[in-house]
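Step one of this worksheet: look at the structure below.
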Amino acid sequence: MKCHHCDSQATVHLTQIINGQMHKMDLCESCAQEKGVTNPDNLSIGNLLDDQPKIDSSTASMTCESCGTTHQDFKKGGRLGCEACYHVFRPVLEPLLDGMHAGINHLGKIPSRSLKKKSLVESEETLRQALHKAVEEENYEKAAELRDHLKKLQSQNSPTT
Amino acid sequence: MFHDLFFSKSKTKVPKPCPIALSTRVRLARNLREFPFPGRAQSGQKKAVLSKCMKALGKVKNLKACTSVELDELSELDRQILVEKHLISLELSQSDESGGVVLSDDRSCSVMVNEEDHLRIQVLANGLDFKKVWKLADTLDSGIESNLDYAFDSQLGFLTACPTNLGTGMRASVMMHLPGLVLSKNMDKVINAVNHLGIAVRGLFGEGSDASGSIFQISNQQTLGESESAILERLQDTLENIVHQEKMAREKLMEDDGVRLVDKMSRAMGALKNCYLIQSAEAMDHLSLIRLAADFGFLPEKFRALADRMFIEVQPGHVQLSAGKPIEPSERDHLRAEILRKEFIRMPQLNLDAQVD
């Protein structure tokens with residue numbers, strides 16, 4: 001059996017139950033030492049997975065431009081700084097959420113304003129595409145109609161309303 | 001000067017306390033779009049969030065006749081008392097700036113501003129009643145949302161500062177009195193079993209608090225990947241199971257060594273009637289046994305309600321408040337003992353013939 005982190009022979013076999021699900025991991029002696037497996041109190045497969053080199057190299061420099069939160073901040077404090085962080089850190093977040101929650105898709109309440117907004121944004125996009133097509137087809141009468149529609153929608157959808 | 005803040009202004013009768021499940025709470029975490037979460041926000045942004053939220057909360061129907069306070073206006077003692085009454089969190093009480101809270105008149109709803117998240121909506125009720133509490137929290141949330149834009153993602157749900165609250169943003173918890181499981185040394189087993197079901201067990205004051213008085217706060221750990229009703233249903237099943245286990249443990253204790261259990265209750269009564277110095281943890285352990293005696297029918301029902309009230313009133317902030325001036329911890333233990341003696345002096349002997357099922 002090979003080590004999870006390098007290709008050496010695995011001699012340490014870990015089994016942990018997180019949220020009722022069994023997670024197994026095999027490590028070689030030196031990787032086990034390095035990851036602190038010798039101290040069971042500090043050990044969590046979640047942390048080991050999080051430390052995978054392939055994730056680290058691409059995320060070490062991750063910073064949210066909107067609020068300044070870095071990947072390091074998040075790892076240390078466990079908190080994100082703003083709405084935009086959820087886009088920036090999504091690659092590191094998703095595996096974490098999987099172990100933390102019952103699933104990674106929201107199945108609960110949807111705020112009504114967001115629902116309206118979402119459909120407004122969607123219909124705005126549809127109109128924009130139709131307008132583009134009408135211009136391409138040189139159907140200027142239809143294009144003018146669509147443009148007026150779009151303007152009306154955009155004014156409804158602006159944050160001041 | 002804010003002491004009227006602590007008490008319910010509603011004239012409705014206080015509901016009868018329930019034997020095992022003391023109270024139910026649902027808390028929703030919400031954030032505003034276009035503002036960093038409180039932990040990352042600059043002073044000016046936090047101020048803007050506070051005034052935006054307070055304005056929006058003032059328009060919500062269920063919160064109209066309410067009290068709203070900015071934390072800056074409160075003394076340290078006022079804050080401590082609100083924490084002991086579970087009306088605000090420890091985290092909000094320690095906030096350095098732009099924290100706020102809105103309390104409904106009957107003190108069953110509270111909305112905290114600029115805690116870990118911009119908004120923490122909380123609804124409390126006596127006994128085990130998720131249906132009622134969720135309905136109220138949901139209505140309150142929708143009312144607030146009609147005046148504010150929430151940070152929401154169609155895949156991840158309500159966006160929160162800590163990913164452990166993501167999705168529904170809902171933490172539902174029940175305060176349970178479990179002396180049977182503690183005395184029979186089965187509590188660890190219960191904690192382990194429910195942890196595997198994604199359910200957390202904490203002490204009376206939440207994270208990090210101990211289990212004085214055999215009171216535990218039991219709540220859902222997971223907030224994403226299930227609907228609110230699915231989470232509540234699962235929690236309800238687990239809690240009913242715990243209530244059943246607790247009842248069995250009590251029966252078994254009484255059957256196996258009833259004299260020892262009665263001795264414990266009776267000594268607790270003795271201590272509460274006769275103490276001159278007592279710390280809050282010891283007081284809570286005695287109060288727990290008084291509550292248990294009332295559950296068995298050995299004491300009149302009113303002593304269960306008294307024990308519940310005293311669980312809060314023996315907390316350090318409350319004792320300090322009744323002193324009316326700053327006092328040393330040793331003086332506090334003396335005053336606490338005096339308060340307890342006064343309340344329990346007329347408690348009758350245990351009536352062992354009156355046992356109920």
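To be explicit about the labels: the chains of the structure tokens are called A, B, and onward in the order shown, and within each one the residues are counted from 1, while ligands get numbers from 1 in the order they are shown.
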Practice task
Return as an MDAnalysis selection string the full set of residues in segment 201-272 of chain B whose backbone-based DSSP assignment is alpha helix (DSSP H).
Solution key: chainID B and resid 228:272
Exercise for the section: Provide as a list of chain:residue names the residues of chain A at most 6 Å from chain B, counting only C-alpha atoms. Expected result: A:Asn19, A:Gly20, A:Arg79, A:Leu80, A:Gly81, A:Cys82, A:His101, A:Ala102, A:Gly103, A:Ile104, A:Asn105, A:His106, A:Leu107, A:Gly108
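With atom CA of Met112 of chain B on one side and atom CA of Cys67 of chain A on the other, the separation reads 22.7 Å.
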Exercise for the section: Could you check how far atom CA of Pro179 of chain B sits from atom CA of Ser214 of chain B, in Å to one decimal? Expected result: 5.2 Å
Problem - For Gly58 of chain B: contacts at 10 Å, only C-alpha atoms, fewer than 5 positions along chain excluded, given as a list in words - result: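 Selected residues are Cys53, Leu63, Lys64, Ala65, Cys66, Thr67, Ser68, Val102, Ile144 and Asn147 of chain B.
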Given the selection you just returned, output its residues as a file containing C-alpha atoms, formatted as a CSV table (one decimal), in the first residue's frame.
```
chain,number,residue,atom,x,y,z
B,53,CYS,CA,-30.0,47.6,10.1
B,63,LEU,CA,-40.5,44.3,16.2
B,64,LYS,CA,-42.4,47.6,16.2
B,65,ALA,CA,-43.0,47.9,19.9
B,66,CYS,CA,-39.6,46.9,21.0
B,67,THR,CA,-36.5,48.3,22.6
B,68,SER,CA,-33.4,48.9,20.6
B,102,VAL,CA,-33.3,45.0,19.3
B,144,ILE,CA,-36.4,42.1,7.8
B,147,ASN,CA,-36.2,46.1,3.9
```
